[in-house]
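Working notes, beginning with the structure itself.
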Protein chains: 4
Amino acid sequence: MSFNTYGHIFRVTTWGESHGPAIGATVDGCPPGVPVSETDLQVWLDRRKPGQSKFTTQRREADAVEILSGVFEGVTTGTPIQLLIRNTDQRSKDYGDIAEKFRPGHADITYWQKYGVRDYRGGGRSSARETASRVAAGGVARAALASLLPGLGITGYMVGMGENEIDRARFDRGEIGRNPFWCPDPVAAQDWEGYLDGLRKSGSSVGATIEVAIAGCPPGLGAPVYAKIDTDLAAAMMSINAVKGVEIGEGMAAGRLTGEANADEISMGPNGPTYASNHAGGILGGITTGQDITVRFAVKPTSSILTPRKTITKAGASTEIVTKGRHDPCVGIRAVPVAEAMAAAVILDHLLLDRAQTGGKRGKIG
Amino acid sequence: MSFNTYGHIFRVTTWGESHGPAIGATVDGCPPGVPVSETDLQVWLDRRKPGQSKFTTQRREADAVEILSGVFEGVTTGTPIQLLIRNTDQRSKDYGDIAEKFRPGHADITYWQKYGVRDYRGGGRSSARETASRVAAGGVARAALASLLPGLGITGYMVGMGENEIDRARFDRGEIGRNPFWCPDPVAAQDWEGYLDGLRKSGSSVGATIEVAIAGCPPGLGAPVYAKIDTDLAAAMMSINAVKGVEIGEGMAAGRLTGEANADEISMGPNGPTYASNHAGGILGGITTGQDITVRFAVKPTSSILTPRKTITKAGASTEIVTKGRHDPCVGIRAVPVAEAMAAAVILDHLLLDRAQTGGKRGKIG
Amino acid sequence: MSFNTYGHIFRVTTWGESHGPAIGATVDGCPPGVPVSETDLQVWLDRRKPGQSKFTTQRREADAVEILSGVFEGVTTGTPIQLLIRNTDQRSKDYGDIAEKFRPGHADITYWQKYGVRDYRGGGRSSARETASRVAAGGVARAALASLLPGLGITGYMVGMGENEIDRARFDRGEIGRNPFWCPDPVAAQDWEGYLDGLRKSGSSVGATIEVAIAGCPPGLGAPVYAKIDTDLAAAMMSINAVKGVEIGEGMAAGRLTGEANADEISMGPNGPTYASNHAGGILGGITTGQDITVRFAVKPTSSILTPRKTITKAGASTEIVTKGRHDPCVGIRAVPVAEAMAAAVILDHLLLDRAQTGGKRGKIG
Amino acid sequence: MSFNTYGHIFRVTTWGESHGPAIGATVDGCPPGVPVSETDLQVWLDRRKPGQSKFTTQRREADAVEILSGVFEGVTTGTPIQLLIRNTDQRSKDYGDIAEKFRPGHADITYWQKYGVRDYRGGGRSSARETASRVAAGGVARAALASLLPGLGITGYMVGMGENEIDRARFDRGEIGRNPFWCPDPVAAQDWEGYLDGLRKSGSSVGATIEVAIAGCPPGLGAPVYAKIDTDLAAAMMSINAVKGVEIGEGMAAGRLTGEANADEISMGPNGPTYASNHAGGILGGITTGQDITVRFAVKPTSSILTPRKTITKAGASTEIVTKGRHDPCVGIRAVPVAEAMAAAVILDHLLLDRAQTGGKRGKIG
């Protein structure tokens, strides 16, 4: 990973600021011959698009993606795919106050300290807007995976909002797309609606916990040490704005288990090894087992809130700040499609990396 | 990061299996003129060395590091530093049973599926032995940091063992080196001794939670998107064997906070900005604030236990396995110096990366 | 270097095909605070632009560059700079014949064999059009170098066209911009005009030899083994379309010299070491000496010619091909500004890389 | 490529100085299951070993390679392979004079300027001794290629020594191994013996031109722009000590040809396309054609000669230097096996890279 690039073989470089003319992603290393169109990518972008419910920023962006290169007659050519998304609703006047003051809990101050220059109109690269580029690039990864791993399914959903958590006994995959929170628990989804509306009206914000489940991934992707697939998944999720923790399988709870409790016992099924449980989250020693991969991460609450917070100005004077722009009361909602996109990019990248080293051959069992 | 390398500028490639003749690290990109000796590095290796208490594997390894290149007349030359550690106590006979059976919760099965060949004697690259190489390389990073960032302090410690947690009110930095668990809470340290001894005698194992605090890091290291310093710290920790979750600052708890609770209010101190709290863990938008950086991670329990677990053989037959080798009842203990080493490597790497791009200049406040 | 990216710290990824909607470059790792504008970049693009004399392709491209990101209020922000150049004169009908036939000496056949899909309308990524993106990115590198190394001068010129060579005794730097060939020898420039016009009228083409001289580069850039600055310069030049050979200093002639003839004797000048000659081309052991760096490379003749050549079709049938499109009789002419751009990128990248590792400190002499 | 690493997937990092305890190579990314032993690698090292004739340095090195990791029960495991070669005949006393004086034409001065510290005993990393590590790593690449591309043949030979060139009409592959110069022309080989003996006795040195021919490489390796296989071959050869120019196919002569002369006409053979000539050197647009790949490079004469040359001391005083150590009168001789090793590494790396992106599928012709 360099400054703005992720991936080893399937490499994505995102570019663009929230208040410049456009944002986008340069996607290199995609296999040739993959069918993909702007319409295919738009499906994913529409899921992340702001302004779809009262729970995401009211900024109105079409988020229409254009493919400028790398696709010819409907299929990828194996050369760089340039994905461009124009910024259409920038309304810079909203951001006047934050040009001189640093928002607590936001990258404003560190950005300034590092670069000595920043596009104060909307957080520059720190804006959640950057993630639209990732969703577009993830759409390309999905298209390639559809050719290479037809059975793969990547599903993100919210498992916690603030202090509230879903009840896993009520987990219903079909529910995920039916509420504005990507919540798989219909009861929780309903509760959260009132909860978040209250926070929204008071100008507050709240964090969230997201999970991504990847089904149908074959065993053998990853490597034992630094190209562990969980290392790359952790890096991918931690690179999303506002993420402060990442877990694989049991995650932080693994520190509380005994060896007996943690061992996923193995037996032989008709199509290879099967496991009695999945504490490992589908990854052992950095390499996929063939079970579902589960990644979970926490998104902190948006720092842009209406309650005054103490801060300083660029000139070093003490002051308070109230952020009046159009912001997300729970930015974690939009993190769901972003995390799916990152997961798709990591899986594709590791599939290609494994194909490079092993040619896709596998050690036989049985 | 490639398969076995971490870092952008300060790049470490570890090599070697637990039961081969030697392990080591190839360290590239170190600044020239840094004073460093084998004795300096040995200090750190001795902290991780197994067999120092009854709570780590009884394998006896001198873990003596040799510098084969890159240091001349006591200082680094700017060329690759080869660090070699011989394996002296391999006792392969201990591992007879695991040649044919896969340990549940261990990389045995995925390693085999991926490569179709594996050094069954001791887990190959999946062995915790690999981390000795990281500690040696981290020692080089520490030496360079001592020249470049004299005030920096990196301290790792255990904050939880199984279901037990420290009481932060009793946090005593001086206690950390006085007990076999790197535990900063003297009461907990005493409790854990009996607890772990019980587990050890019963042939069980347990997970742990480790924290690393980095004090004295200047603001401005990192970048907004994929070279976020928290991304690299997360990847560094997740790449350590048996780690299943990583947190920065509030970590997973950030998902439960409101924007008001999470905002670290800023005021102007005599030497620049100061913060009323540190929910951010010293990192905002991927860039250091100058506050203490706090990283936390969970280590799962060793899968090598005496209780029989169901598994299969390479031939696909159902069986049970009991692992009798010399293993750690709480492998998290040895993860503490490893995590410090990884933190040192990441901070040095980002210091060099920042120096490359900005020349170390900073945006002025006040 | 990945598929479409060059550079270690200052990383450029070009994208786009000759007959798609646009081409461009994603520039990552540029230092912040560098003054740069579209007008600044346009200067360099205009030097490469086709259709400026009868000796370059008559394709009419405005080659107007747009900066879509990474520049705010006239200076770079340290984040990715997206440079976009629209294709305005694609005239695909010119390319009908080459959709089915492979041009000998062109990438048509290998492109097809590798990817199984290709944008036959204009060579896709193999088109010299790709180099406009490099020139734009090189303009950014030049802007950064103007801040960091004010005395640096990068000058490209043609030293040979076909069998004709310049007379170095007549070398006149001022002449370079006064003829359509970037030729520093006024007599040769005049001769070549008639020579190339003849070739052009007969639908033929010819190769060329280009030299780039870099003056004012400090000593100490580069590294002894694989980050040798000559390695990166060689790779940079060899990556330009149609280049088949690269030389540093004496180049291939170094193989014919004795040790006595090749040694550049050293004496002590008022500002440090000076050299009696420059067989080394300003680079010793991969590291700059402070003398002028000289790189030379050969560009093969365009394969698109009017004389029929034997070839095959995609169906494997024998045929002949005549390429009637608008092509350059001497594509080497346009390689001059491209090579300057690549040289600028390499020097900036190594300046940043050196700053990362050594902090710009130098071993003292005297 | 980072400082001391080459390759994308098959990545080699060499380490070690000429006068330290050992040198070696860390090889990452090798496919698993490749049969390889120390004996296999020694074959290649013995070809490069100094002191085999009076025409190479009389330093006596066993150059015995040890495999410390990554190979188990005779096959590669897919994990890093550490290759270690001890330095046994260092005789540092030979180097007294050059501790204070800089040899003209040698990296002494730039190394010092860059790092401010250098192992003056033998050139440190600039010593040709570093290339033994490359030969060992190249042996691993050859072993992998023997599995993956059984028909591949890589042959290096000397085509020029000083002003003398071979007569291609007398080219005899069988002759290459029968003379100390790897010369394919038996008449030239005999002439060169007397010529070089004269130079050797007078304490002089001379440059050389080397060619490597790669037969049996399939079409489709490489990529159109920066991962052009010729770019990587050029970088690989230019990274070898003392190399000043690199050519592919026609090389620098391509600049003197017309389009008609340069076009390799294509016809359809029983096994796919065949070419009437090979001006391209087996590479079109950065991608292999399936023809023989030919790379040529020039090695400058050793700067260590007995004739006094003007230079300066570290203190900046004018002086003369005579280098009395054990040096090669024609260091190009030992460059032959080194270049073969580099070629093997590049071909394997591109084979893996292509397998990653395309899965080895090819566009059909006929």
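Letters for chains follow the order of the structure tokens (A, B, ...), residue numbers begin at 1 for each chain, and ligand numbers begin at 1 in the order shown.
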> Which polymer residues have any atom within 9 Å of an atom of Leu196 of chain D, counting only C-alpha atoms, with same-chain residues fewer than 5 positions away left out, as a list in words?
Replying inline: Phe55, Met161, Asp191, Lys201, Ser205, Val206, Pro329 and Cys330 of chain D
>> DSSP on the backbone: which residues in segment 94-232 of chain C end up as alpha helix (DSSP H)? Give the answer as an MDAnalysis selection string.
In response: chainID C and resid 108:115 131:148 186:201 229:232
>> Distance cut-off 6 Å, counting only C-alpha atoms - which residues of chain A neighbour chain C? Return them as a list of chain:residue names.
In response: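 Taking only C-alpha atoms into account, A:Trp15, A:Gly16, A:Pro21, A:Pro32, A:Leu68, A:Ser69, A:Thr77, A:Pro80, A:Tyr115, A:Val117 sit within 6 Å of chain C.
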> Can you list, as a VMD selection string, every protein, DNA or RNA residue that comes within 8 Å of Ala263 of chain A when you count only C-alpha atoms, leaving out same-chain residues fewer than 3 positions away?
Replying inline: (chain A and resid 259 to 260 279) or (chain B and resid 104 to 105 303 309)
> What is the atom CA of Ser127 of chain C to atom CA of Arg362 of chain D distance in Å?
Replying inline: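 Distance reported for this atom pair: 21.4 Å.
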Which residues, written as a PDB file with N, CA and C atoms, in the first residue's frame, have at least one atom at most 9 Å from segment 128-139 of chain B, with only C-alpha atoms counted and residues fewer than 4 positions away on the same chain left out?
ATOM      1  N   VAL A 225       2.127 -15.020   7.033  1.00  0.00           N
ATOM      2  CA  VAL A 225       2.699 -13.979   7.870  1.00  0.00           C
ATOM      3  C   VAL A 225       2.177 -12.573   7.563  1.00  0.00           C
TER       4      VAL A 225
ATOM      5  N   VAL B  12      10.931  -4.780   6.416  1.00  0.00           N
ATOM      6  CA  VAL B  12      11.416  -5.965   7.101  1.00  0.00           C
ATOM      7  C   VAL B  12      10.832  -7.207   6.427  1.00  0.00           C
ATOM      8  N   THR B  13      11.699  -8.129   6.057  1.00  0.00           N
ATOM      9  CA  THR B  13      11.259  -9.422   5.545  1.00  0.00           C
ATOM     10  C   THR B  13      11.728 -10.485   6.523  1.00  0.00           C
ATOM     11  N   THR B  14      10.804 -11.196   7.141  1.00  0.00           N
ATOM     12  CA  THR B  14      11.270 -12.270   8.014  1.00  0.00           C
ATOM     13  C   THR B  14      11.272 -13.579   7.248  1.00  0.00           C
ATOM     14  N   TRP B  15      12.101 -14.489   7.693  1.00  0.00           N
ATOM     15  CA  TRP B  15      12.250 -15.779   7.012  1.00  0.00           C
ATOM     16  C   TRP B  15      12.543 -16.850   8.062  1.00  0.00           C
ATOM     17  N   GLY B  16      12.298 -18.073   7.698  1.00  0.00           N
ATOM     18  CA  GLY B  16      12.704 -19.169   8.564  1.00  0.00           C
ATOM     19  C   GLY B  16      11.547 -19.876   9.231  1.00  0.00           C
ATOM     20  N   GLU B  17      11.723 -21.181   9.400  1.00  0.00           N
ATOM     21  CA  GLU B  17      10.726 -22.013  10.046  1.00  0.00           C
ATOM     22  C   GLU B  17      11.210 -22.412  11.427  1.00  0.00           C
ATOM     23  N   SER B  18      10.261 -22.796  12.227  1.00  0.00           N
ATOM     24  CA  SER B  18      10.555 -23.121  13.620  1.00  0.00           C
ATOM     25  C   SER B  18      11.518 -24.298  13.756  1.00  0.00           C
ATOM     26  N   ILE B  23      16.282 -18.864  11.840  1.00  0.00           N
ATOM     27  CA  ILE B  23      15.279 -17.898  11.392  1.00  0.00           C
ATOM     28  C   ILE B  23      15.960 -16.538  11.361  1.00  0.00           C
ATOM     29  N   GLY B  24      15.272 -15.534  10.827  1.00  0.00           N
ATOM     30  CA  GLY B  24      15.906 -14.229  10.809  1.00  0.00           C
ATOM     31  C   GLY B  24      15.065 -13.185  10.131  1.00  0.00           C
ATOM     32  N   ALA B  25      15.668 -11.993   9.977  1.00  0.00           N
ATOM     33  CA  ALA B  25      14.983 -10.869   9.341  1.00  0.00           C
ATOM     34  C   ALA B  25      15.965 -10.118   8.463  1.00  0.00           C
ATOM     35  N   THR B  26      15.500  -9.729   7.290  1.00  0.00           N
ATOM     36  CA  THR B  26      16.260  -8.882   6.380  1.00  0.00           C
ATOM     37  C   THR B  26      15.664  -7.490   6.485  1.00  0.00           C
ATOM     38  N   VAL B  27      16.439  -6.547   6.960  1.00  0.00           N
ATOM     39  CA  VAL B  27      15.932  -5.205   7.240  1.00  0.00           C
ATOM     40  C   VAL B  27      16.512  -4.235   6.223  1.00  0.00           C
ATOM     41  N   VAL B  36      24.184   0.685  16.526  1.00  0.00           N
ATOM     42  CA  VAL B  36      23.443  -0.527  16.898  1.00  0.00           C
ATOM     43  C   VAL B  36      24.414  -1.712  16.963  1.00  0.00           C
ATOM     44  N   ASP B  40      22.698  -4.663  21.800  1.00  0.00           N
ATOM     45  CA  ASP B  40      21.494  -3.813  21.834  1.00  0.00           C
ATOM     46  C   ASP B  40      20.250  -4.614  21.453  1.00  0.00           C
ATOM     47  N   LEU B  41      20.374  -5.423  20.425  1.00  0.00           N
ATOM     48  CA  LEU B  41      19.217  -6.188  19.950  1.00  0.00           C
ATOM     49  C   LEU B  41      18.869  -7.321  20.918  1.00  0.00           C
ATOM     50  N   GLN B  42      19.923  -7.885  21.540  1.00  0.00           N
ATOM     51  CA  GLN B  42      19.691  -9.029  22.418  1.00  0.00           C
ATOM     52  C   GLN B  42      18.780  -8.671  23.585  1.00  0.00           C
ATOM     53  N   VAL B  43      18.887  -7.433  24.034  1.00  0.00           N
ATOM     54  CA  VAL B  43      18.029  -6.961  25.134  1.00  0.00           C
ATOM     55  C   VAL B  43      16.561  -7.241  24.827  1.00  0.00           C
ATOM     56  N   TRP B  44      16.162  -6.927  23.606  1.00  0.00           N
ATOM     57  CA  TRP B  44      14.754  -7.098  23.253  1.00  0.00           C
ATOM     58  C   TRP B  44      14.409  -8.564  23.056  1.00  0.00           C
ATOM     59  N   LEU B  45      15.334  -9.308  22.450  1.00  0.00           N
ATOM     60  CA  LEU B  45      15.077 -10.738  22.238  1.00  0.00           C
ATOM     61  C   LEU B  45      14.949 -11.471  23.567  1.00  0.00           C
ATOM     62  N   ARG B  48      11.489 -11.590  24.979  1.00  0.00           N
ATOM     63  CA  ARG B  48      10.518 -12.479  24.335  1.00  0.00           C
ATOM     64  C   ARG B  48      10.880 -13.953  24.483  1.00  0.00           C
ATOM     65  N   LYS B  49      12.115 -14.233  24.806  1.00  0.00           N
ATOM     66  CA  LYS B  49      12.673 -15.591  24.809  1.00  0.00           C
ATOM     67  C   LYS B  49      11.798 -16.575  25.574  1.00  0.00           C
ATOM     68  N   ASP B  63      18.208 -17.858  21.451  1.00  0.00           N
ATOM     69  CA  ASP B  63      17.761 -16.696  20.686  1.00  0.00           C
ATOM     70  C   ASP B  63      18.855 -15.644  20.565  1.00  0.00           C
ATOM     71  N   VAL B  65      21.146 -13.347  18.620  1.00  0.00           N
ATOM     72  CA  VAL B  65      21.059 -12.744  17.292  1.00  0.00           C
ATOM     73  C   VAL B  65      22.449 -12.386  16.781  1.00  0.00           C
ATOM     74  N   ILE B  81      20.348  -4.991   6.548  1.00  0.00           N
ATOM     75  CA  ILE B  81      20.849  -5.569   7.793  1.00  0.00           C
ATOM     76  C   ILE B  81      20.270  -6.977   7.899  1.00  0.00           C
ATOM     77  N   LEU B  83      19.748 -10.201  10.056  1.00  0.00           N
ATOM     78  CA  LEU B  83      19.734 -10.640  11.448  1.00  0.00           C
ATOM     79  C   LEU B  83      19.452 -12.135  11.466  1.00  0.00           C
ATOM     80  N   LEU B  84      20.339 -12.891  12.049  1.00  0.00           N
ATOM     81  CA  LEU B  84      20.211 -14.344  12.042  1.00  0.00           C
ATOM     82  C   LEU B  84      20.120 -14.880  13.470  1.00  0.00           C
ATOM     83  N   ILE B  85      19.152 -15.774  13.667  1.00  0.00           N
ATOM     84  CA  ILE B  85      18.954 -16.423  14.968  1.00  0.00           C
ATOM     85  C   ILE B  85      18.903 -17.923  14.727  1.00  0.00           C
ATOM     86  N   GLY B 123       4.917 -26.276  12.701  1.00  0.00           N
ATOM     87  CA  GLY B 123       4.060 -25.196  12.239  1.00  0.00           C
ATOM     88  C   GLY B 123       4.702 -24.311  11.188  1.00  0.00           C
ATOM     89  N   GLY B 124       5.970 -24.568  10.893  1.00  0.00           N
ATOM     90  CA  GLY B 124       6.635 -23.810   9.831  1.00  0.00           C
ATOM     91  C   GLY B 124       6.599 -22.322  10.138  1.00  0.00           C
ATOM     92  N   ALA B 143      16.561   1.431  17.641  1.00  0.00           N
ATOM     93  CA  ALA B 143      17.851   2.131  17.616  1.00  0.00           C
ATOM     94  C   ALA B 143      17.762   3.371  16.726  1.00  0.00           C
ATOM     95  N   ALA B 144      17.098   3.222  15.577  1.00  0.00           N
ATOM     96  CA  ALA B 144      16.965   4.370  14.671  1.00  0.00           C
ATOM     97  C   ALA B 144      16.075   5.441  15.295  1.00  0.00           C
ATOM     98  N   ILE B 240       0.496 -10.556  13.529  1.00  0.00           N
ATOM     99  CA  ILE B 240       1.106 -11.396  14.573  1.00  0.00           C
ATOM    100  C   ILE B 240       0.254 -12.658  14.729  1.00  0.00           C
ATOM    101  N   ASN B 241       0.887 -13.796  14.907  1.00  0.00           N
ATOM    102  CA  ASN B 241       0.163 -15.071  15.049  1.00  0.00           C
ATOM    103  C   ASN B 241      -0.937 -14.945  16.082  1.00  0.00           C
ATOM    104  N   ALA B 242      -2.084 -15.508  15.785  1.00  0.00           N
ATOM    105  CA  ALA B 242      -3.164 -15.705  16.761  1.00  0.00           C
ATOM    106  C   ALA B 242      -3.928 -14.440  17.112  1.00  0.00           C
ATOM    107  N   VAL B 331      -0.105 -17.734  25.028  1.00  0.00           N
ATOM    108  CA  VAL B 331       0.892 -17.250  24.057  1.00  0.00           C
ATOM    109  C   VAL B 331       0.890 -15.723  23.990  1.00  0.00           C
ATOM    110  N   ARG B 334       4.097 -13.740  25.296  1.00  0.00           N
ATOM    111  CA  ARG B 334       5.218 -13.433  24.407  1.00  0.00           C
ATOM    112  C   ARG B 334       4.836 -12.447  23.315  1.00  0.00           C
ATOM    113  N   ALA B 335       3.546 -12.212  23.135  1.00  0.00           N
ATOM    114  CA  ALA B 335       3.120 -11.250  22.108  1.00  0.00           C
ATOM    115  C   ALA B 335       3.434  -9.805  22.517  1.00  0.00           C
ATOM    116  N   PRO B 337       6.340  -8.246  23.775  1.00  0.00           N
ATOM    117  CA  PRO B 337       7.520  -7.653  23.114  1.00  0.00           C
ATOM    118  C   PRO B 337       7.408  -7.664  21.594  1.00  0.00           C
ATOM    119  N   VAL B 338       6.659  -8.608  21.051  1.00  0.00           N
ATOM    120  CA  VAL B 338       6.477  -8.641  19.597  1.00  0.00           C
ATOM    121  C   VAL B 338       5.699  -7.406  19.142  1.00  0.00           C
ATOM    122  N   ALA B 339       4.645  -7.084  19.866  1.00  0.00           N
ATOM    123  CA  ALA B 339       3.821  -5.931  19.509  1.00  0.00           C
ATOM    124  C   ALA B 339       4.612  -4.632  19.642  1.00  0.00           C
ATOM    125  N   GLU B 340       5.431  -4.540  20.667  1.00  0.00           N
ATOM    126  CA  GLU B 340       6.293  -3.358  20.791  1.00  0.00           C
ATOM    127  C   GLU B 340       7.203  -3.227  19.567  1.00  0.00           C
ATOM    128  N   ALA B 341       7.748  -4.359  19.156  1.00  0.00           N
ATOM    129  CA  ALA B 341       8.643  -4.342  17.996  1.00  0.00           C
ATOM    130  C   ALA B 341       7.902  -3.899  16.744  1.00  0.00           C
ATOM    131  N   MET B 342       6.691  -4.404  16.563  1.00  0.00           N
ATOM    132  CA  MET B 342       5.909  -4.024  15.385  1.00  0.00           C
ATOM    133  C   MET B 342       5.570  -2.530  15.441  1.00  0.00           C
ATOM    134  N   ALA B 343       5.230  -2.051  16.617  1.00  0.00           N
ATOM    135  CA  ALA B 343       4.923  -0.627  16.769  1.00  0.00           C
ATOM    136  C   ALA B 343       6.141   0.230  16.414  1.00  0.00           C
ATOM    137  N   ALA B 344       7.311  -0.201  16.871  1.00  0.00           N
ATOM    138  CA  ALA B 344       8.532   0.554  16.567  1.00  0.00           C
ATOM    139  C   ALA B 344       8.767   0.605  15.063  1.00  0.00           C
ATOM    140  N   ALA B 345       8.554  -0.521  14.394  1.00  0.00           N
ATOM    141  CA  ALA B 345       8.769  -0.564  12.951  1.00  0.00           C
ATOM    142  C   ALA B 345       7.796   0.364  12.228  1.00  0.00           C
TER     143      ALA B 345
END
>> Quick one: residues within 9 Å of Val159 of chain C, only C-alpha atoms, excluding same-chain residues fewer than 2 positions away - as a ChimeraX atom specification?
In response: /C:157,161,164-168,182-185,208-211,296
> DSSP says strand (DSSP E) for which residues of segment 85-217 of chain C? Put them as a list in words?
Replying inline: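 DSSP on the backbone gives strand (DSSP E) at Ile85, Arg86, Gly153, Ile154, Thr155, Gly156, Tyr157, Met158, Val159, Gly160, Met161, Asn164, Glu165, Ala208, Thr209, Ile210, Glu211, Val212, Ala213, Ile214 and Ala215 of chain C.
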> For Ala234 of chain D, which residue among C:Ala215, C:Ser267, C:Glu247, C:Lys54 is the nearest when counting only C-alpha atoms?
Replying inline: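 The answer is C:Glu247, which sits nearest to Ala234 of chain D.
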> Rounded to one decimal in Å, what is the spacing between atom CA of Asp328 of chain B and atom CA of Pro50 of chain B?
Replying inline: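 A separation of 8.7 Å between them.
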>> To one decimal place in Å, what is the distance between atom CA of Arg47 of chain D and atom CA of Ala189 of chain D?
In response: 17.3 Å
> Pick from A:Arg170, A:His327, A:Thr88, A:Arg355: nearest to Gly203 of chain A, with only C-alpha atoms counted?
Replying inline: A:His327
> Closest to Thr302 of chain A among A:Ile333, A:Gly245, A:Lys314, A:Leu348, using only C-alpha atoms?
Replying inline: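 Among A:Ile333, A:Gly245, A:Lys314, A:Leu348, it is A:Ile333 that comes nearest to Thr302 of chain A.
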